[in-house]
Amino acid sequence: GMDRVTRFNVIALSGKAVESCGDVDTMILDKTGTITFGNRLANEFYEVQGISKDEMIKACVLSSLKDETPEGKSIVALAQKMGYELEGNDMKEFIEFSAQNRMSGVDLQDNTKIRKGAFDAIRAYISEMNGKIPSDLETKVMEISNLGGTPLVVCKNEKILGVIYLKDTVKPGLKERFDELRKMGIKTLMCTGDNPLTAATIAKEAGLDGFIAECKPEDKIEAIKKEQAQGKIVAMTGDGTNDAPALAQADVGIAMNSGTQAAKEAANMIDLDSNPTKILEVVEIGKGLLITRGSLTTFSMAN
């Protein structure tokens with residue numbers, strides 16, 4: 001049994017953990033990294049009234065050519081897909097994102113300033129320069145938020161050009177996997193820090209049975225205990241230090257090898273590939289192991 005798990009590049013730290021896999025009723029999954037890739041990528045450009053899409057996209061690209069963040073790179077990639085190739089020869093200085101001003105951008109040779117950032121940050125920046133806030137801006141920002149996306153507002157000097165829709169990307173093939181689990185009688189729940197609207201959008205897209213929005217570490221432990229109180233066997237994956245208490249509480253706790261030491265110490269399995277969907281295979285193996293229950297030997301692994 002243990003070696004069958006090893007073939008999947010999962011190290012089981014106890015035989016009990018492997019056995020429990022076969023009895024799992026509920027899986028509690030973290031959104032970021034498990035269900036979504038965790039980097040929000042540019043999905044669409046929305047210009048505000050009175051601005052051409054062309055002007056907006058060019059400004060977005062210029063503000064992102066030297067931007068090394070996944071978001072920045074994805075803006076350039078999306079524009080390229082739409083046929084925009086910009087050199088950026090007229091760039092004077094790239095302004096990096098900082099937690100203080102919550103925007104990034106570029107100053108051009110002719111002193112044009114292009115900035116992109118959070119709605120409230122750009123709104124404050126524009127107001128300081130006595131610029132006007134377009135009447136349709138807030139609606140567009142809300143629409144993107146309701147879709148579960150992150151709105152990034154773009155402006156050139158004191159003029160707002162539009163909003164970039166950054167989308168949290170659901171990993172391909174998950175919906176089918178969750179359908180399989182449902183057929184095996186396993187319930188899937190997603191934990192996320194997102195607001196309920198965003199959480200519902202992602203949960204629906206990924207085909208989950210339920211979700212816990214605005215989820216704090218203690219909510220995760222609560223959810224596990226609640227399921228266990230109904231006699232359910234609970235499995236979860238995690239990678240952060242804040243996941244450690246929940247990993248310890250779960251019957252099957254799988255830590256990602258790429259995760260923190262605290263998470264790995266709290267878990268009873270470690271996935272060497274750090275593939276959070278591996279929990280699905282582990283549970284499937286567990287189901288097949290039920291027959292050989294008596295022959296399992298336990299070994300402990302030194303760190």
# chains A, B, ... in the order shown; residues from 1 in each chain; ligands from 1

call {"tool": "residues_around", "arguments": {"residues": "A:Glu47", "least_positions_apart": "2", "cutoff": "8 Å", "atoms": "only C-alpha atoms", "output": "PyMOL selection string"}}
result
chain A and resi 45+49+51-53+56+161-163

call {"tool": "select_by_dssp", "arguments": {"residues": "stretch 48-240 of chain A", "states": "alpha helix (DSSP H)", "output": "MDAnalysis selection string"}}
result
chainID A and resid 53:64 70:81 119:128 137:146 174:183 196:206 217:229

call {"tool": "atom_distance", "arguments": {"atom1": "atom CA of A:Asn146", "atom2": "atom CA of A:Gly33"}}
result
21.2 Å

call {"tool": "closest_atom_pairs", "arguments": {"of": "stretch 184-245 of chain A", "to": "stretch 273-280 of chain A", "cutoff": "9 Å", "atoms": "only C-alpha atoms", "output": "tab-separated table"}}
result
residue	atom	partner	partner_atom	distance
A:Ala235	CA	A:Ile279	CA	8.0
A:Met236	CA	A:Ile279	CA	7.8
A:Thr237	CA	A:Pro276	CA	6.4
A:Gly238	CA	A:Pro276	CA	7.9
A:Asp239	CA	A:Ser274	CA	8.7

call {"tool": "closest_residue", "arguments": {"among": "A:Ala250, A:Lys116, A:Thr36, A:Ala244", "to": "A:Glu265", "atoms": "only C-alpha atoms"}}
result
A:Ala244

call {"tool": "residues_around", "arguments": {"residues": "stretch 89-97 of chain A", "least_positions_apart": "4", "cutoff": "6 Å", "atoms": "only C-alpha atoms", "output": "number ranges by chain"}}
result
A: 103-109

call {"tool": "decode", "arguments": {"residues": "stretch 79-166 of chain A", "atoms": "C-alpha atoms", "output": "PDB file, in the first residue's frame"}}
result
ATOM      1  CA  ALA A  79      -2.512  42.701 -26.310  1.00  0.00           C
ATOM      2  CA  GLN A  80      -0.113  40.736 -28.534  1.00  0.00           C
ATOM      3  CA  LYS A  81      -2.838  38.147 -29.090  1.00  0.00           C
ATOM      4  CA  MET A  82      -5.022  41.040 -30.273  1.00  0.00           C
ATOM      5  CA  GLY A  83      -2.321  42.178 -32.701  1.00  0.00           C
ATOM      6  CA  TYR A  84      -0.516  44.876 -30.680  1.00  0.00           C
ATOM      7  CA  GLU A  85       3.293  44.890 -30.882  1.00  0.00           C
ATOM      8  CA  LEU A  86       4.819  47.901 -29.116  1.00  0.00           C
ATOM      9  CA  GLU A  87       8.502  48.723 -28.756  1.00  0.00           C
ATOM     10  CA  GLY A  88       8.227  51.288 -26.000  1.00  0.00           C
ATOM     11  CA  ASN A  89      11.086  53.397 -27.416  1.00  0.00           C
ATOM     12  CA  ASP A  90       9.566  56.541 -25.923  1.00  0.00           C
ATOM     13  CA  MET A  91       9.692  55.205 -22.361  1.00  0.00           C
ATOM     14  CA  LYS A  92      11.667  57.256 -19.875  1.00  0.00           C
ATOM     15  CA  GLU A  93      11.104  55.485 -16.572  1.00  0.00           C
ATOM     16  CA  PHE A  94       9.140  52.470 -15.343  1.00  0.00           C
ATOM     17  CA  ILE A  95       7.371  53.040 -12.019  1.00  0.00           C
ATOM     18  CA  GLU A  96       7.200  49.836  -9.965  1.00  0.00           C
ATOM     19  CA  PHE A  97       4.190  48.890  -7.890  1.00  0.00           C
ATOM     20  CA  SER A  98       4.491  49.811  -4.215  1.00  0.00           C
ATOM     21  CA  ALA A  99       2.202  48.937  -1.333  1.00  0.00           C
ATOM     22  CA  GLN A 100       1.962  52.654  -0.496  1.00  0.00           C
ATOM     23  CA  ASN A 101       0.605  54.045  -3.755  1.00  0.00           C
ATOM     24  CA  ARG A 102      -0.894  50.740  -5.006  1.00  0.00           C
ATOM     25  CA  MET A 103      -0.179  51.437  -8.667  1.00  0.00           C
ATOM     26  CA  SER A 104       2.552  50.995 -11.240  1.00  0.00           C
ATOM     27  CA  GLY A 105       3.186  52.459 -14.673  1.00  0.00           C
ATOM     28  CA  VAL A 106       5.514  54.425 -16.882  1.00  0.00           C
ATOM     29  CA  ASP A 107       6.671  57.989 -17.563  1.00  0.00           C
ATOM     30  CA  LEU A 108       7.261  58.717 -21.256  1.00  0.00           C
ATOM     31  CA  GLN A 109       9.860  61.025 -22.814  1.00  0.00           C
ATOM     32  CA  ASP A 110       7.197  63.710 -23.378  1.00  0.00           C
ATOM     33  CA  ASN A 111       6.313  63.536 -19.640  1.00  0.00           C
ATOM     34  CA  THR A 112       3.058  61.651 -20.257  1.00  0.00           C
ATOM     35  CA  LYS A 113       2.369  59.594 -17.142  1.00  0.00           C
ATOM     36  CA  ILE A 114       0.533  56.273 -17.547  1.00  0.00           C
ATOM     37  CA  ARG A 115      -0.575  54.489 -14.379  1.00  0.00           C
ATOM     38  CA  LYS A 116      -2.503  51.299 -13.609  1.00  0.00           C
ATOM     39  CA  GLY A 117      -3.743  50.206 -10.226  1.00  0.00           C
ATOM     40  CA  ALA A 118      -6.604  49.551  -7.828  1.00  0.00           C
ATOM     41  CA  PHE A 119      -9.793  51.553  -8.426  1.00  0.00           C
ATOM     42  CA  ASP A 120      -9.586  53.557  -5.190  1.00  0.00           C
ATOM     43  CA  ALA A 121      -5.864  54.256  -5.664  1.00  0.00           C
ATOM     44  CA  ILE A 122      -6.312  55.607  -9.198  1.00  0.00           C
ATOM     45  CA  ARG A 123      -9.452  57.511  -8.193  1.00  0.00           C
ATOM     46  CA  ALA A 124      -7.504  59.307  -5.444  1.00  0.00           C
ATOM     47  CA  TYR A 125      -4.583  59.955  -7.847  1.00  0.00           C
ATOM     48  CA  ILE A 126      -6.901  61.472 -10.482  1.00  0.00           C
ATOM     49  CA  SER A 127      -8.765  63.576  -7.912  1.00  0.00           C
ATOM     50  CA  GLU A 128      -5.461  65.069  -6.720  1.00  0.00           C
ATOM     51  CA  MET A 129      -4.899  66.300 -10.282  1.00  0.00           C
ATOM     52  CA  ASN A 130      -8.497  67.561 -10.502  1.00  0.00           C
ATOM     53  CA  GLY A 131      -9.259  65.026 -13.227  1.00  0.00           C
ATOM     54  CA  LYS A 132     -12.780  63.724 -13.886  1.00  0.00           C
ATOM     55  CA  ILE A 133     -13.960  60.225 -12.934  1.00  0.00           C
ATOM     56  CA  PRO A 134     -15.915  58.819 -15.924  1.00  0.00           C
ATOM     57  CA  SER A 135     -19.566  58.119 -15.083  1.00  0.00           C
ATOM     58  CA  ASP A 136     -19.402  54.504 -16.321  1.00  0.00           C
ATOM     59  CA  LEU A 137     -16.163  53.601 -14.491  1.00  0.00           C
ATOM     60  CA  GLU A 138     -17.693  52.363 -11.250  1.00  0.00           C
ATOM     61  CA  THR A 139     -20.193  50.128 -13.107  1.00  0.00           C
ATOM     62  CA  LYS A 140     -17.364  48.484 -15.063  1.00  0.00           C
ATOM     63  CA  VAL A 141     -15.337  47.960 -11.873  1.00  0.00           C
ATOM     64  CA  MET A 142     -18.367  46.372 -10.159  1.00  0.00           C
ATOM     65  CA  GLU A 143     -19.091  44.115 -13.153  1.00  0.00           C
ATOM     66  CA  ILE A 144     -15.560  42.714 -13.046  1.00  0.00           C
ATOM     67  CA  SER A 145     -15.711  42.214  -9.271  1.00  0.00           C
ATOM     68  CA  ASN A 146     -19.028  40.384  -9.609  1.00  0.00           C
ATOM     69  CA  LEU A 147     -17.452  38.045 -12.147  1.00  0.00           C
ATOM     70  CA  GLY A 148     -14.848  37.134  -9.562  1.00  0.00           C
ATOM     71  CA  GLY A 149     -12.168  39.172 -11.276  1.00  0.00           C
ATOM     72  CA  THR A 150      -9.805  41.915 -10.180  1.00  0.00           C
ATOM     73  CA  PRO A 151     -10.309  45.299 -11.846  1.00  0.00           C
ATOM     74  CA  LEU A 152      -7.173  47.259 -12.707  1.00  0.00           C
ATOM     75  CA  VAL A 153      -7.894  50.887 -13.665  1.00  0.00           C
ATOM     76  CA  VAL A 154      -5.662  52.574 -16.253  1.00  0.00           C
ATOM     77  CA  CYS A 155      -5.126  56.310 -16.694  1.00  0.00           C
ATOM     78  CA  LYS A 156      -3.014  58.610 -18.853  1.00  0.00           C
ATOM     79  CA  ASN A 157      -2.140  61.863 -17.035  1.00  0.00           C
ATOM     80  CA  GLU A 158      -5.415  63.009 -15.440  1.00  0.00           C
ATOM     81  CA  LYS A 159      -7.642  61.026 -17.821  1.00  0.00           C
ATOM     82  CA  ILE A 160      -9.020  57.574 -16.997  1.00  0.00           C
ATOM     83  CA  LEU A 161      -8.948  55.277 -20.047  1.00  0.00           C
ATOM     84  CA  GLY A 162     -10.584  52.097 -18.804  1.00  0.00           C
ATOM     85  CA  VAL A 163     -10.349  48.909 -16.757  1.00  0.00           C
ATOM     86  CA  ILE A 164      -8.369  45.708 -17.267  1.00  0.00           C
ATOM     87  CA  TYR A 165     -10.205  42.555 -16.187  1.00  0.00           C
ATOM     88  CA  LEU A 166      -7.760  40.250 -14.380  1.00  0.00           C
TER      89      LEU A 166
END
